[in-house]
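What follows is the content of upload_4.cif, which has mmCIF, C-alpha atoms:
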data_coords
#
loop_
_atom_site.label_atom_id
_atom_site.label_comp_id
_atom_site.auth_asym_id
_atom_site.auth_seq_id
_atom_site.Cartn_x
_atom_site.Cartn_y
_atom_site.Cartn_z
CA MET A 1 -7.08 -9.86 -16.90
CA THR A 2 -6.68 -12.37 -14.12
CA ASN A 3 -9.99 -14.09 -14.85
CA ALA A 4 -8.39 -16.70 -17.01
CA PHE A 5 -5.47 -17.47 -14.75
CA ASN A 6 -4.49 -17.32 -11.17
CA PHE A 7 -0.80 -16.64 -10.80
CA VAL A 8 0.82 -17.61 -7.58
CA SER A 9 4.34 -16.80 -6.56
CA GLU A 10 5.97 -19.26 -4.24
CA ILE A 11 9.32 -18.83 -2.65
CA HIS A 12 11.21 -21.90 -1.58
CA GLY A 13 14.38 -20.84 0.16
CA ASN A 14 16.46 -18.98 -2.38
CA VAL A 15 14.63 -20.40 -5.34
CA ASP A 16 11.80 -18.39 -6.80
CA LEU A 17 9.08 -20.32 -8.51
CA VAL A 18 6.34 -18.50 -10.32
CA THR A 19 3.65 -21.03 -11.02
CA LEU A 20 0.41 -20.90 -12.88
CA ARG A 21 -2.65 -22.52 -11.41
CA ARG A 22 -5.70 -23.04 -13.50
CA PRO A 23 -9.09 -24.15 -12.21
CA GLN A 24 -9.38 -26.68 -15.01
CA SER A 25 -6.31 -27.87 -16.76
CA ALA A 26 -5.35 -30.28 -19.45
CA GLU A 27 -1.67 -30.99 -18.85
CA THR A 28 -0.75 -31.66 -22.43
CA VAL A 29 2.86 -30.69 -21.84
CA THR A 30 3.21 -32.81 -18.75
CA SER A 31 5.97 -34.88 -20.20
CA ALA A 32 7.84 -31.74 -21.18
CA SER A 33 7.40 -30.29 -17.69
CA ASN A 34 9.30 -33.20 -16.32
CA SER A 35 12.17 -32.81 -18.68
CA THR A 36 13.16 -29.17 -18.87
CA GLY A 37 15.75 -28.81 -21.57
CA MET A 38 14.44 -31.75 -23.57
CA ILE A 39 12.09 -29.52 -25.47
CA SER A 40 12.93 -26.18 -27.04
CA ASP A 41 11.17 -22.90 -26.41
CA SER A 42 10.23 -22.85 -30.09
CA GLU A 43 8.36 -26.11 -29.73
CA ILE A 44 6.63 -24.83 -26.64
CA CYS A 45 5.69 -21.64 -28.45
CA GLN A 46 4.13 -23.75 -31.19
CA LYS A 47 1.91 -25.35 -28.57
CA LEU A 48 1.20 -21.93 -27.12
CA ARG A 49 0.02 -20.73 -30.51
CA HIS A 50 -2.51 -23.54 -30.45
CA ASN A 51 -3.89 -22.17 -27.16
CA ASP A 52 -2.26 -24.88 -25.07
CA GLU A 53 -2.33 -23.37 -21.58
CA SER A 54 0.01 -25.99 -20.16
CA ALA A 55 2.66 -24.64 -22.53
CA LEU A 56 2.45 -21.34 -20.73
CA ARG A 57 2.97 -23.08 -17.43
CA PHE A 58 6.01 -24.79 -18.83
CA LEU A 59 7.46 -21.48 -20.00
CA MET A 60 6.83 -20.02 -16.57
CA ASP A 61 8.62 -22.89 -14.91
CA ARG A 62 11.55 -22.43 -17.25
CA HIS A 63 11.80 -18.64 -17.35
CA GLY A 64 9.88 -17.42 -14.32
CA ALA A 65 12.84 -17.25 -11.95
CA MET A 66 14.94 -15.19 -14.37
CA VAL A 67 12.05 -12.86 -15.18
CA LEU A 68 11.52 -12.31 -11.47
CA ARG A 69 15.22 -11.74 -10.90
CA LEU A 70 15.44 -9.12 -13.64
CA ALA A 71 12.40 -7.34 -12.27
CA MET A 72 13.82 -7.48 -8.74
CA ASN A 73 17.08 -5.95 -9.91
CA VAL A 74 15.23 -3.04 -11.48
CA LEU A 75 12.65 -2.57 -8.72
CA SER A 76 14.16 -3.92 -5.48
CA ASP A 77 10.61 -4.65 -4.39
CA ARG A 78 9.33 -8.23 -4.19
CA GLN A 79 5.65 -7.43 -4.67
CA GLU A 80 6.24 -5.14 -7.62
CA ALA A 81 8.62 -7.66 -9.19
CA GLU A 82 5.99 -10.39 -8.89
CA ASP A 83 3.44 -8.07 -10.49
CA VAL A 84 5.84 -7.53 -13.39
CA ALA A 85 6.43 -11.27 -13.77
CA GLN A 86 2.69 -11.80 -13.92
CA GLU A 87 2.31 -9.07 -16.54
CA VAL A 88 5.13 -10.54 -18.60
CA PHE A 89 3.54 -13.99 -18.79
CA LEU A 90 0.11 -12.57 -19.44
CA SER A 91 1.72 -10.65 -22.28
CA VAL A 92 3.22 -13.91 -23.56
CA TRP A 93 -0.22 -15.50 -23.49
CA ASN A 94 -2.02 -12.55 -25.03
CA ASN A 95 0.52 -12.28 -27.84
CA ARG A 96 0.91 -16.00 -28.47
CA ALA A 97 -0.57 -15.72 -31.95
CA SER A 98 1.85 -13.03 -33.05
CA TRP A 99 5.04 -14.72 -31.84
CA ILE A 100 7.25 -15.32 -34.86
CA GLU A 101 9.96 -17.87 -34.57
CA GLY A 102 13.36 -16.78 -35.78
CA GLN A 103 13.03 -13.08 -35.00
CA ALA A 104 14.65 -13.55 -31.61
CA ARG A 105 15.21 -16.32 -29.15
CA PHE A 106 12.23 -16.63 -26.86
CA SER A 107 14.41 -16.23 -23.76
CA THR A 108 15.98 -13.06 -25.13
CA TRP A 109 12.59 -11.66 -26.00
CA ILE A 110 10.98 -12.42 -22.65
CA HIS A 111 13.95 -10.96 -20.75
CA ARG A 112 13.63 -7.74 -22.72
CA VAL A 113 9.91 -7.59 -22.04
CA ALA A 114 10.60 -8.10 -18.33
CA ILE A 115 13.22 -5.36 -18.21
CA ASN A 116 10.99 -2.88 -20.03
CA LYS A 117 7.94 -3.61 -17.91
CA ALA A 118 10.01 -3.30 -14.74
CA ILE A 119 11.45 0.05 -15.83
CA ASP A 120 7.93 1.25 -16.65
CA LYS A 121 6.75 0.23 -13.20
CA ARG A 122 9.71 1.90 -11.54
CA ARG A 123 8.91 5.14 -13.36
CA GLN A 124 5.22 4.91 -12.51
CA ARG A 125 6.25 4.63 -8.89
CA ARG A 126 8.37 7.76 -9.17
CA SER A 127 5.62 9.74 -10.90
CA ARG A 128 3.33 9.39 -7.89
CA PRO A 129 3.20 12.55 -5.83
CA GLU A 130 5.64 12.45 -2.95
CA ALA A 131 3.20 10.89 -0.46
CA SER A 132 5.67 9.38 1.93
CA GLU A 133 7.93 12.43 1.84
CA ILE A 134 5.08 14.77 2.63
CA ILE A 135 3.78 12.67 5.49
CA ALA A 136 7.30 12.28 6.84
CA SER A 137 8.01 15.98 6.68
CA LEU A 138 4.68 16.80 8.26
CA ILE A 139 5.39 14.39 11.08
CA GLU A 140 8.93 15.68 11.38
CA SER A 141 7.76 19.26 11.65
CA GLU A 142 5.31 18.21 14.30
CA GLU A 143 7.96 16.35 16.23
CA THR A 144 10.35 19.27 16.31
CA GLY A 145 10.65 20.56 19.83
CA LEU A 146 9.09 17.47 21.34
CA SER A 147 11.14 15.29 23.62
CA GLN A 148 10.07 11.70 23.78
CA THR A 149 11.51 8.30 24.48
CA GLU A 150 11.56 5.58 21.88
CA GLN A 151 8.83 3.84 23.81
CA GLU A 152 6.60 6.84 23.39
CA SER A 153 7.37 7.42 19.74
CA SER A 154 4.86 4.93 18.31
CA LEU A 155 2.12 6.51 20.37
CA VAL A 156 3.17 9.94 19.15
CA GLN A 157 3.09 8.69 15.55
CA LEU A 158 -0.44 7.47 16.08
CA GLU A 159 -1.47 10.76 17.59
CA LEU A 160 0.12 12.61 14.69
CA SER A 161 -1.75 10.47 12.18
CA GLU A 162 -4.98 11.36 13.95
CA LYS A 163 -3.91 14.99 14.05
CA LEU A 164 -3.14 14.91 10.33
CA ALA A 165 -6.54 13.41 9.63
CA GLY A 166 -8.09 16.16 11.72
CA GLU A 167 -6.21 18.87 9.86
CA ILE A 168 -7.25 17.41 6.51
CA GLY A 169 -10.84 17.60 7.70
CA ARG A 170 -10.51 21.38 8.04
CA LEU A 171 -9.54 21.82 4.40
CA PRO A 172 -12.05 22.60 1.63
CA GLN A 173 -14.18 19.53 0.96
CA THR A 174 -12.75 18.56 -2.42
CA GLN A 175 -9.14 18.94 -1.27
CA ALA A 176 -9.88 16.93 1.88
CA ARG A 177 -11.52 14.15 -0.09
CA ALA A 178 -8.64 13.91 -2.54
CA LEU A 179 -6.05 13.84 0.28
CA ARG A 180 -7.98 11.21 2.26
CA LEU A 181 -8.29 8.95 -0.77
CA TYR A 182 -4.64 9.42 -1.55
CA TYR A 183 -3.05 9.09 1.88
CA PHE A 184 -5.46 6.94 3.83
CA ASP A 185 -7.05 4.77 1.13
CA ALA A 186 -3.81 4.41 -0.86
CA GLN A 187 -5.48 5.25 -4.15
CA ASP A 188 -3.56 6.70 -7.05
CA VAL A 189 -4.42 9.80 -9.04
CA VAL A 190 -6.22 7.85 -11.75
CA MET A 191 -8.47 6.07 -9.27
CA ILE A 192 -9.21 9.28 -7.40
CA ALA A 193 -10.11 11.03 -10.64
CA GLU A 194 -12.59 8.27 -11.42
CA GLN A 195 -14.14 8.40 -7.97
CA MET A 196 -14.41 12.17 -7.96
CA GLU A 197 -15.52 12.25 -11.57
CA THR A 198 -12.88 14.73 -12.56
CA THR A 199 -9.61 14.82 -14.47
CA GLU A 200 -6.24 13.56 -13.26
CA GLN A 201 -4.87 17.08 -13.67
CA ALA A 202 -7.60 18.40 -11.38
CA VAL A 203 -6.79 15.75 -8.77
CA ARG A 204 -3.09 16.62 -8.88
CA SER A 205 -4.02 20.25 -8.42
CA LEU A 206 -6.28 19.40 -5.45
CA LEU A 207 -3.53 17.33 -3.85
CA LYS A 208 -0.98 20.06 -4.39
CA ARG A 209 -3.16 22.81 -2.93
CA GLY A 210 -4.23 20.55 -0.07
CA ARG A 211 -0.63 19.78 0.85
CA GLN A 212 0.32 23.45 0.68
CA ALA A 213 -2.57 24.33 2.98
CA LEU A 214 -1.58 21.54 5.38
CA ARG A 215 2.02 22.72 5.45
CA ALA A 216 0.90 26.28 6.15
CA ARG A 217 -1.35 25.13 9.00
CA LEU A 218 1.33 23.01 10.59
CA LEU A 219 3.97 25.74 10.29
CA LYS A 220 1.55 28.17 11.91
CA GLN A 221 0.91 25.74 14.78
CA LYS A 222 4.62 25.16 15.20
CA LYS A 223 5.23 28.93 15.39
CA THR A 224 2.43 29.32 17.94
CA SER A 225 3.91 26.52 20.08
CA ALA A 226 7.36 28.12 19.91
CA ASP A 227 5.93 31.51 20.92
CA ASP A 228 4.09 29.91 23.86
CA ALA A 229 7.25 28.12 24.96
CA PHE A 230 9.22 31.38 24.75
CA GLU A 231 6.65 33.15 26.89
CA ILE A 232 6.71 30.35 29.47
CA ARG A 233 10.52 30.30 29.57
CA GLY A 234 10.70 34.06 30.05
CA ASN A 235 7.92 34.37 32.60
CA PRO A 236 8.17 32.50 35.97
CA SER A 237 4.49 33.00 36.69
CA ALA A 238 3.63 31.46 33.36
CA ILE A 239 5.78 28.45 34.25
CA ARG A 240 3.89 28.03 37.50
CA ALA A 241 0.60 28.50 35.72
CA SER A 242 1.51 25.88 33.17
CA ARG A 243 2.10 23.27 35.88
CA MET B 1 24.61 7.50 -22.12
CA THR B 2 26.90 5.29 -24.14
CA LEU B 3 26.93 1.53 -24.00
CA SER B 4 30.47 1.55 -22.62
CA LYS B 5 29.43 3.85 -19.80
CA PHE B 6 26.49 1.56 -19.07
CA GLU B 7 28.85 -1.40 -19.07
CA GLU B 8 31.08 0.40 -16.60
CA ILE B 9 28.13 1.03 -14.27
CA LEU B 10 27.26 -2.65 -14.39
CA ARG B 11 30.86 -3.60 -13.75
CA ARG B 12 31.27 -1.25 -10.82
CA PHE B 13 27.89 -1.45 -9.17
CA GLY B 14 26.27 -4.63 -10.42
CA PRO B 15 22.75 -5.15 -11.80
CA VAL B 16 20.76 -3.85 -8.82
CA VAL B 17 19.51 -0.48 -10.05
CA ASP B 18 19.05 0.92 -6.55
CA LEU B 19 22.79 0.61 -6.04
CA TRP B 20 23.66 2.70 -9.09
CA PRO B 21 24.70 6.34 -8.61
CA ALA B 22 21.51 8.38 -8.46
CA GLU B 23 22.73 10.95 -10.97
CA LEU B 24 23.32 8.26 -13.60
CA THR B 25 20.33 6.01 -12.96
CA GLU B 26 17.80 7.69 -15.24
CA GLN B 27 20.20 7.95 -18.16
CA ALA B 28 21.18 4.32 -17.69
CA LEU B 29 17.54 3.23 -17.56
CA ASP B 30 16.82 5.25 -20.70
CA LEU B 31 19.53 3.31 -22.50
CA LEU B 32 18.43 0.01 -20.97
CA GLN B 33 14.93 0.56 -22.27
CA VAL B 34 15.93 1.09 -25.89
CA SER B 35 19.20 -0.77 -26.39
CA THR B 36 19.09 -4.50 -26.92
CA ALA B 37 22.84 -4.62 -26.29
CA ALA B 38 22.36 -2.95 -22.90
CA GLN B 39 19.52 -5.35 -22.13
CA ASP B 40 21.73 -8.30 -22.95
CA LEU B 41 24.48 -6.96 -20.69
CA PHE B 42 21.99 -6.38 -17.90
CA THR B 43 20.59 -9.89 -18.28
CA ARG B 44 24.05 -11.42 -18.19
CA ALA B 45 24.95 -9.47 -15.08
CA SER B 46 21.67 -10.53 -13.46
CA THR B 47 22.32 -14.15 -14.35
CA LEU B 48 25.52 -14.12 -12.36
CA ARG B 49 24.41 -11.95 -9.48
CA PRO B 50 20.93 -12.39 -8.08
CA HIS B 51 19.45 -9.56 -6.08
CA THR B 52 20.89 -9.64 -2.59
CA GLY B 53 19.53 -6.38 -1.25
CA GLN B 54 23.01 -5.54 -0.02
CA ALA B 55 24.86 -2.36 -0.80
CA GLY B 56 28.28 -2.37 -2.38
CA ALA B 57 29.88 -3.34 -5.64
CA GLU B 58 28.40 -6.45 -7.15
CA PHE B 59 31.39 -7.38 -9.23
CA LEU B 60 34.63 -7.91 -7.48
CA ASP B 61 36.87 -6.93 -10.34
CA GLU B 62 37.14 -6.46 -14.07
CA THR B 63 37.88 -10.12 -14.71
CA ASP B 64 34.78 -11.18 -12.85
CA PHE B 65 32.64 -8.95 -15.05
CA ARG B 66 34.32 -9.91 -18.29
CA ASN B 67 33.91 -13.58 -17.47
CA SER B 68 30.21 -13.00 -17.01
CA LYS B 69 29.87 -12.21 -20.69
CA ALA B 70 30.84 -15.70 -21.65
CA VAL B 71 28.24 -17.37 -19.47
CA HIS B 72 24.97 -16.70 -21.23
#
Would you write the structure of this file as structure tokens?
Amino acid sequence: MTNAFNFVSEIHGNVDLVTLRRPQSAETVTSASNSTGMISDSEICQKLRHNDESALRFLMDRHGAMVLRLAMNVLSDRQEAEDVAQEVFLSVWNNRASWIEGQARFSTWIHRVAINKAIDKRRQRRSRPEASEIIASLIESEETGLSQTEQESSLVQLELSEKLAGEIGRLPQTQARALRLYYFDAQDVVMIAEQMETTEQAVRSLLKRGRQALRARLLKQKKTSADDAFEIRGNPSAIRASR
Amino acid sequence: MTLSKFEEILRRFGPVVDLWPAELTEQALDLLQVSTAAQDLFTRASTLRPHTGQAGAEFLDETDFRNSKAVH
């Protein structure tokens, strides 16, 4: 999709500029680019219909900031909003032949496309399994009962990540592979399904069972630690032995 | 969700979806996805108030919001 164009988002202070850079360009709308407002969107769309790539750049200059702003308001995530802006303008380019003047103002149409794509992306984000929540709760359960200074906490986090990786390694092979791809390689369910040559449903099932097994292991370890601590607290010789 | 309820959310909380009440967000997004009127309201609100990343009501009062309708 990005073979034809290379979209670059540049931020200059509070002004967002989404620009299009092409390896080879014929700036046929150069004069228009220097006089925003002198030429209507309809005229630009006419040029777009004739495969004039500079017309797309002009539309991006004119509407890019608003598209990005709408996406930001829906997503509150700069990277995702920029992805949406890119998708919106690619959609404009890919549908240039089917754009019919008079159905709706171009600005109205592109704003609606931006809002819908941003909502779709927000919902895709939500449909991911609760990766961060699981990791956080695993870490939290591990941290319970530990006393550490803030200076030590980053080291503890690192140790916990290694511990988590170690625990995953003890799971059945397919569950472990799915969890590693998901948590450590940041791949989504679709990508994992492709890699493992299985269905998305199967991957979700593997992730679910893997997380349940991890939780069970960590709870068991936590209980063992608590039992050990109780024995040490109640037995002076054990305290001495532990030192 | 009705358009008037959506309008009230925009008026009270502004166009940053993360600042909307969690229990209303999905219904509001459902409407925003299908209603061109809701999309126009959202666009107008966004025109006036860029994303600031700050919590709190985006629109100071009713007048502020109503005036926003005349801008776009």
Given the file shown, determine the residues that the PyMOL selection byres ((chain B) within 7 of (chain A)) selects; report them as a list of chain:residue names.
B:Pro15, B:Val16, B:Val17, B:Asp18, B:Gln33, B:Gln39, B:Thr43, B:Ser46, B:Pro50, B:His51
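For the pair CA of Ala202 (chain A) and CA of Gln175 (chain A), the separation is 10.2 Å.
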For Gln27 (chain B), work out the shell of residues within 10 Å, counting only C-alpha atoms and skipping chain neighbours fewer than 4 positions away, then give it as a PDB file with C-alpha atoms, in the frame of the given file.
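Just written: out-v3.pdb:
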ATOM      1  CA  MET B   1      24.610   7.500 -22.120  1.00  0.00           C
ATOM      2  CA  THR B   2      26.900   5.290 -24.140  1.00  0.00           C
ATOM      3  CA  PHE B   6      26.490   1.560 -19.070  1.00  0.00           C
ATOM      4  CA  ALA B  22      21.510   8.380  -8.460  1.00  0.00           C
ATOM      5  CA  GLU B  23      22.730  10.950 -10.970  1.00  0.00           C
ATOM      6  CA  LEU B  31      19.530   3.310 -22.500  1.00  0.00           C
ATOM      7  CA  LEU B  32      18.430   0.010 -20.970  1.00  0.00           C
ATOM      8  CA  GLN B  33      14.930   0.560 -22.270  1.00  0.00           C
TER       9      GLN B  33
END
Taking all atoms listed in the file into account, name the residue in B:Leu3, B:Trp20, B:Glu8, B:Phe13 that is nearest to Val34 (chain B).
B:Leu3
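For the pair CA of Arg170 (chain A) and CA of Asp185 (chain A), the interatomic distance is 18.3 Å.
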